[in-house]
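S.K.: Structure file structure37.pdb (PDB, C-alpha atoms) right here:
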ATOM      1  CA  ASP A  27    -155.978 -27.624-100.506
ATOM      2  CA  PRO A  28    -155.601 -31.218-101.795
ATOM      3  CA  CYS A  29    -158.740 -31.149-103.953
ATOM      4  CA  SER A  30    -157.758 -28.162-106.111
ATOM      5  CA  LEU A  31    -155.693 -28.525-109.272
ATOM      6  CA  TYR A  32    -152.373 -26.692-109.220
ATOM      7  CA  CYS A  33    -149.576 -26.374-111.733
ATOM      8  CA  ILE A  34    -145.942 -25.472-111.100
ATOM      9  CA  ASN A  35    -143.648 -23.982-113.731
ATOM     10  CA  PRO A  36    -139.836 -24.303-113.996
ATOM     11  CA  ASP A  37    -139.470 -21.108-111.911
ATOM     12  CA  ASN A  38    -141.349 -22.818-109.044
ATOM     13  CA  THR A  39    -144.363 -20.542-109.439
ATOM     14  CA  TYR A  40    -147.630 -22.212-108.464
ATOM     15  CA  ALA A  41    -150.890 -21.442-110.222
ATOM     16  CA  LYS A  42    -154.367 -22.762-109.404
ATOM     17  CA  LEU A  43    -155.781 -24.168-112.649
ATOM     18  CA  GLU A  44    -159.100 -25.429-111.323
ATOM     19  CA  PRO A  45    -160.924 -24.961-108.016
ATOM     20  CA  ARG A  46    -161.428 -28.708-107.773
ATOM     21  CA  VAL A  47    -160.033 -31.917-109.233
ATOM     22  CA  LYS A  48    -162.092 -34.696-110.797
ATOM     23  CA  ASP A  49    -164.258 -36.557-108.269
ATOM     24  CA  GLY A  50    -162.553 -39.753-107.121
ATOM     25  CA  THR A  51    -159.025 -38.307-107.238
ATOM     26  CA  ARG A  52    -157.035 -39.358-104.167
ATOM     27  CA  CYS A  53    -156.438 -36.523-101.717
ATOM     28  CA  LYS A  54    -152.794 -37.541-101.360
ATOM     29  CA  ALA A  55    -150.487 -40.363-102.366
ATOM     30  CA  GLY A  56    -150.761 -43.464-100.215
ATOM     31  CA  SER A  57    -154.237 -42.576 -98.948
ATOM     32  CA  LYS A  58    -157.645 -44.028 -99.839
ATOM     33  CA  ASN A  59    -159.304 -40.691 -99.055
ATOM     34  CA  MET A  60    -160.752 -39.062-102.150
ATOM     35  CA  CYS A  61    -161.960 -35.739-103.414
ATOM     36  CA  VAL A  62    -165.714 -35.366-103.888
ATOM     37  CA  ALA A  63    -167.161 -32.016-104.981
ATOM     38  CA  GLY A  64    -163.869 -30.329-104.089
ATOM     39  CA  ILE A  65    -163.728 -31.717-100.535
ATOM     40  CA  CYS A  66    -161.364 -34.406 -99.247
ATOM     41  CA  ARG A  67    -163.534 -37.193 -97.829
ATOM     42  CA  ALA A  68    -162.469 -40.182 -95.737
ATOM     43  CA  VAL A  69    -162.673 -43.650 -97.240
ATOM     44  CA  GLY A  70    -162.465 -46.598 -94.859
ATOM     45  CA  CYS A  71    -160.781 -49.907 -95.550
ATOM     46  CA  ASP A  72    -164.246 -51.203 -96.444
ATOM     47  CA  ASN A  73    -164.131 -48.704 -99.366
ATOM     48  CA  VAL A  74    -167.153 -46.832 -98.002
ATOM     49  CA  LEU A  75    -167.117 -43.046 -98.171
ATOM     50  CA  ASP A  76    -166.981 -41.441 -94.703
ATOM     51  CA  SER A  77    -166.440 -44.848 -93.067
ATOM     52  CA  GLU A  78    -164.187 -45.019 -90.000
ATOM     53  CA  ALA A  79    -163.233 -48.661 -90.680
ATOM     54  CA  VAL A  80    -159.450 -49.180 -90.512
ATOM     55  CA  GLU A  81    -157.065 -52.038 -91.224
ATOM     56  CA  ASP A  82    -155.182 -53.551 -88.320
ATOM     57  CA  ASP A  83    -151.408 -54.107 -88.511
ATOM     58  CA  CYS A  84    -152.061 -57.337 -90.413
ATOM     59  CA  GLY A  85    -154.032 -55.595 -93.149
ATOM     60  CA  VAL A  86    -157.375 -57.039 -92.029
ATOM     61  CA  CYS A  87    -160.196 -54.534 -92.298
ATOM     62  CA  LYS A  88    -161.716 -54.036 -88.835
ATOM     63  CA  GLY A  89    -159.304 -56.745 -87.569
ATOM     64  CA  ASP A  90    -157.803 -57.171 -84.124
ATOM     65  CA  GLY A  91    -154.144 -57.610 -85.120
ATOM     66  CA  THR A  92    -153.900 -61.313 -84.300
ATOM     67  CA  GLU A  93    -153.710 -62.694 -87.861
ATOM     68  CA  CYS A  94    -150.010 -62.045 -88.523
ATOM     69  CA  LYS A  95    -146.503 -61.793 -87.119
ATOM     70  CA  ILE A  96    -144.989 -58.337 -86.601
ATOM     71  CA  VAL A  97    -141.285 -58.082 -87.397
ATOM     72  CA  ASP A  98    -139.373 -55.160 -85.874
ATOM     73  CA  LYS A  99    -135.599 -55.048 -86.368
ATOM     74  CA  THR A 100    -132.899 -52.427 -86.059
ATOM     75  CA  PHE A 101    -129.839 -52.555 -88.310
ATOM     76  CA  SER A 102    -126.807 -50.918 -86.756
ATOM     77  CA  THR A 103    -123.771 -52.343 -88.522
ATOM     78  CA  PRO A 104    -121.030 -49.723 -89.031
ATOM     79  CA  SER A 105    -121.052 -47.939 -92.381
ATOM     80  CA  LYS A 106    -119.088 -49.361 -95.286
ATOM     81  CA  LEU A 107    -118.580 -47.955 -98.749
ATOM     82  CA  GLY A 108    -121.072 -49.039-101.385
ATOM     83  CA  TYR A 109    -124.342 -50.887-100.978
ATOM     84  CA  VAL A 110    -124.618 -53.132 -97.902
ATOM     85  CA  LYS A 111    -127.368 -55.751 -97.988
ATOM     86  CA  VAL A 112    -129.533 -55.520 -94.872
ATOM     87  CA  GLY A 113    -132.072 -58.215 -95.711
ATOM     88  CA  VAL A 114    -135.055 -59.401 -97.707
ATOM     89  CA  ILE A 115    -138.628 -58.274 -97.102
ATOM     90  CA  PHE A 116    -140.886 -61.049 -98.310
ATOM     91  CA  ARG A 117    -143.776 -61.149-100.746
ATOM     92  CA  GLY A 118    -147.086 -60.683 -98.934
ATOM     93  CA  CYS A 119    -145.699 -58.379 -96.225
ATOM     94  CA  ARG A 120    -147.827 -55.353 -95.341
ATOM     95  CA  ASN A 121    -147.320 -52.061 -93.566
ATOM     96  CA  VAL A 122    -143.607 -51.971 -94.276
ATOM     97  CA  LEU A 123    -141.920 -49.058 -92.517
ATOM     98  CA  ILE A 124    -138.220 -48.476 -93.101
ATOM     99  CA  GLU A 125    -136.784 -45.444 -91.384
ATOM    100  CA  GLU A 126    -133.516 -44.014 -90.221
ATOM    101  CA  LEU A 127    -133.777 -43.398 -86.495
ATOM    102  CA  SER A 128    -131.516 -40.362 -86.686
ATOM    103  CA  PRO A 129    -129.886 -38.316 -89.456
ATOM    104  CA  SER A 130    -127.310 -40.350 -91.370
ATOM    105  CA  GLN A 131    -124.901 -40.145 -94.295
ATOM    106  CA  ASN A 132    -126.221 -43.542 -95.442
ATOM    107  CA  THR A 133    -128.971 -43.936 -98.027
ATOM    108  CA  ILE A 134    -131.783 -46.495 -98.045
ATOM    109  CA  ALA A 135    -131.897 -48.444-101.307
ATOM    110  CA  ILE A 136    -134.311 -51.129-102.527
ATOM    111  CA  THR A 137    -133.979 -53.672-105.333
ATOM    112  CA  GLY A 138    -136.233 -56.323-106.765
ATOM    113  CA  PRO A 139    -135.685 -59.992-105.961
ATOM    114  CA  ASP A 140    -132.973 -60.307-108.646
ATOM    115  CA  GLU A 141    -130.900 -57.703-106.740
ATOM    116  CA  LYS A 142    -130.146 -55.983-110.057
ATOM    117  CA  LYS A 143    -133.070 -53.622-110.723
ATOM    118  CA  TYR A 144    -133.189 -50.754-108.247
ATOM    119  CA  TYR A 145    -136.622 -49.497-107.242
ATOM    120  CA  LEU A 146    -135.138 -46.780-105.032
ATOM    121  CA  ASN A 147    -131.799 -44.959-104.861
ATOM    122  CA  GLY A 148    -129.805 -46.974-107.377
ATOM    123  CA  LYS A 149    -126.601 -45.890-109.142
ATOM    124  CA  PHE A 150    -125.428 -44.020-106.031
ATOM    125  CA  SER A 151    -128.022 -41.277-106.445
ATOM    126  CA  GLU A 152    -130.706 -40.328-103.944
ATOM    127  CA  GLU A 153    -134.277 -39.936-105.221
ATOM    128  CA  LEU A 154    -136.589 -37.058-104.424
ATOM    129  CA  ASP A 155    -139.510 -37.490-102.042
ATOM    130  CA  GLY A 156    -142.558 -39.023-103.663
ATOM    131  CA  VAL A 157    -144.450 -42.139-104.654
ATOM    132  CA  HIS A 158    -142.346 -44.926-106.148
ATOM    133  CA  ASP A 159    -143.158 -48.352-107.596
ATOM    134  CA  PHE A 160    -141.838 -51.399-105.749
ATOM    135  CA  GLY A 161    -142.642 -54.327-108.011
ATOM    136  CA  GLY A 162    -146.227 -53.237-108.652
ATOM    137  CA  VAL A 163    -146.910 -51.762-105.201
ATOM    138  CA  GLU A 164    -146.756 -48.067-104.342
ATOM    139  CA  GLY A 165    -144.468 -46.829-101.621
ATOM    140  CA  VAL A 166    -143.998 -43.306-100.275
ATOM    141  CA  TYR A 167    -140.387 -42.181 -99.814
ATOM    142  CA  THR A 168    -139.758 -39.060 -97.725
ATOM    143  CA  HIS A 169    -137.128 -37.118 -95.832
ATOM    144  CA  PRO A 170    -138.891 -36.103 -92.602
ATOM    145  CA  GLU A 171    -135.815 -34.042 -91.735
ATOM    146  CA  PRO A 172    -132.445 -33.388 -93.443
ATOM    147  CA  GLN A 173    -130.289 -36.536 -93.838
ATOM    148  CA  LYS A 174    -133.084 -38.778 -92.498
ATOM    149  CA  GLU A 175    -135.107 -41.064 -94.769
ATOM    150  CA  MET A 176    -138.370 -42.932 -94.388
ATOM    151  CA  LEU A 177    -140.143 -45.397 -96.672
ATOM    152  CA  VAL A 178    -143.711 -46.636 -96.171
ATOM    153  CA  ILE A 179    -145.199 -49.424 -98.297
ATOM    154  CA  HIS A 180    -148.714 -50.414 -97.269
ATOM    155  CA  GLY A 181    -148.623 -53.521 -99.468
ATOM    156  CA  PRO A 182    -149.099 -56.345 -99.609
ATOM    157  CA  LEU A 183    -145.819 -56.774-101.479
ATOM    158  CA  LYS A 184    -146.231 -58.622-104.778
ATOM    159  CA  GLU A 185    -142.627 -59.864-104.746
ATOM    160  CA  ASN A 186    -139.647 -60.039-102.421
ATOM    161  CA  ILE A 187    -137.694 -56.787-102.155
ATOM    162  CA  VAL A 188    -134.120 -56.403-100.962
ATOM    163  CA  LEU A 189    -133.122 -53.643 -98.558
ATOM    164  CA  TYR A 190    -129.687 -51.983 -98.701
TER     165      TYR A 190
END
Written as structure tokens, how would this file's structure read?
M.R.:
Amino acid sequence: DPCSLYCINPDNTYAKLEPRVKDGTRCKAGSKNMCVAGICRAVGCDNVLDSEAVEDDCGVCKGDGTECKIVDKTFSTPSKLGYVKVGVIFRGCRNVLIEELSPSQNTIAITGPDEKKYYLNGKFSEELDGVHDFGGVEGVYTHPEPQKEMLVIHGPLKENIVLY
């Protein structure tokens, strides 16, 4: 029921406050779909309500996927203590998907380009699932199963980010 307004108290009791949220509220984080008259409606990449237009892997609305280079890498270096730098994901990148392929004791962490400010999982603590800011761009961090993390940033990135 993504278009109803709910509240949760400290005892984890949910209560429906309103039968519908304000028109234009996103149905869920990371989606363009929006609530209209209490119903979740699709919004295409052309920003038209009920449009089926989608972005290709390059972020081009109704594109054919030939305007960019797809980078797909697997990091499998043995675990070490502390943060291990995996690499830099560059400004302008889109459709960033970082995921653990199987459950792991490791934790994905992200910093800004200065490698000092942590956007995700800094100070040896693991964040809860949710929407996080990555230098002015939203990303959705989840645990699809115990001990397995996934991060999706649709982008484009506004600055380089560093993956640990």
S.K.: Which polymer residues have any atom within 8 Å of an atom of A:Thr51, counting all atoms listed in the file, with same-chain residues fewer than 5 positions away left out, as a JSON list (two decimals) with C-alpha atoms, in the coordinates of the input?
M.R.:
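Printed below is around.json as written:
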[["chain", "number", "residue", "atom", "x", "y", "z"],
["A", 29, "CYS", "CA", -158.74, -31.15, -103.95],
["A", 60, "MET", "CA", -160.75, -39.06, -102.15],
["A", 61, "CYS", "CA", -161.96, -35.74, -103.41]]
S.K.: Looking at all atoms listed in the file, which of A:Ile96, A:Val188, A:Val122, A:Val163 is the one that sits closest to A:Ile136?
M.R.: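 Once distances to A:Ile136 are computed over all atoms listed in the file, the minimum belongs to A:Val188.
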S.K.: Find, counting only C-alpha atoms, the residue in A:Glu126, A:Asp76, A:Glu164, A:Asp49 that gets nearest to A:Val178.
M.R.: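 Closest to A:Val178, using only C-alpha atoms: A:Glu164.
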S.K.: One decimal, Å: what's the distance from atom CA of A:His169 over to atom CA of A:Tyr109, could you say?
M.R.: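 Those two atoms sit 19.5 Å apart.
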S.K.: Quick one: residues within 12 Å of A:Asn73, only C-alpha atoms, excluding same-chain residues fewer than 2 positions away - as an MDAnalysis selection string?
M.R.: chainID A and resid 50 57:60 67:71 75:81 87
S.K.: Have a look at atom CA of A:Ser130 and atom CA of A:Thr103 and let me know their distance in Å, one decimal.
M.R.: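 Answer for the atom CA of A:Ser130 to atom CA of A:Thr103 separation: 12.8 Å.
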S.K.: What is the atom CA of A:Lys142 to atom CA of A:Gly162 distance in Å?
M.R.: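 Atom CA of A:Gly162 lies at a distance of 16.4 Å from atom CA of A:Lys142.
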S.K.: Just the residues within 12 Å of A:Val114, please, counting all atoms listed in the file, with nothing from its chain fewer than 4 positions along; format it as a list in words.
M.R.: Cys119, Val122, Ala135, Ile136, Thr137, Gly138, Pro139, Asp140, Glu141, Leu183, Glu185, Asn186, Ile187, Val188, Leu189 and Tyr190 of chain A
S.K.: Please provide as a list of chain:residue names all residues within 9 Å of A:Glu125, with the sequence filter that same-chain residues fewer than 4 positions apart are discarded (counting all atoms listed in the file).
M.R.: A:Ile134, A:Lys174, A:Glu175, A:Met176, A:Leu177, A:Val178
S.K.: Quick one: 6 Å padding each side, axis-aligned, all listed atoms of stretch 90-100 of chain A - centre and edge lengths in Å to one decimal, as JSON?
M.R.:
{"center_x": -145.4, "center_y": -57.6, "center_z": -86.3, "size_x": 36.9, "size_y": 22.3, "size_z": 16.4}
S.K.: Taking the file as shown, find all residues satisfying the PyMOL selection byres ((chain A and resi 150) around 9) and write them as an MDAnalysis selection string.
M.R.: chainID A and resid 108:109 133 147:149 151:152
S.K.: Hey, what comes out of the PyMOL selection byres ((chain A and resi 42-48) around 12) on this file? Could you write it as a list in words?
M.R.: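 In the shown coordinates, the PyMOL selection byres ((chain A and resi 42-48) around 12) covers Asp27, Pro28, Cys29, Ser30, Leu31, Tyr32, Cys33, Ile34, Asn35, Thr39, Tyr40, Ala41, Asp49, Gly50, Thr51, Arg52, Cys53, Met60, Cys61, Val62, Ala63, Gly64, Ile65 and Cys66 of chain A.
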S.K.: For A:Lys106, which residue out of A:Ala55, A:Glu153, A:Asn132, A:Pro172 is the nearest one, using only C-alpha atoms?
M.R.: A:Asn132
S.K.: Hey, which of A:Pro36, A:Gly85, A:Gly165, A:Pro182 ends up closest to A:Ile124? Count all atoms listed in the file.
M.R.: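 Nearest candidate to A:Ile124 out of A:Pro36, A:Gly85, A:Gly165, A:Pro182: A:Gly165.
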S.K.: With distances taken over only C-alpha atoms, which of A:Gly113, A:Gly181, A:Pro129, A:Gly91 is nearest to A:Val166?
M.R.: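 Between A:Gly113, A:Gly181, A:Pro129, A:Gly91, the residue approaching A:Val166 most closely is A:Gly181.
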S.K.: Given the point (-147.6, -38.3, -106.5) in the coordinates of this file, which residues lie within 9 Å, counting only C-alpha atoms, and how would they look as number ranges by chain?
M.R.: A: 54-56, 156-158, 166
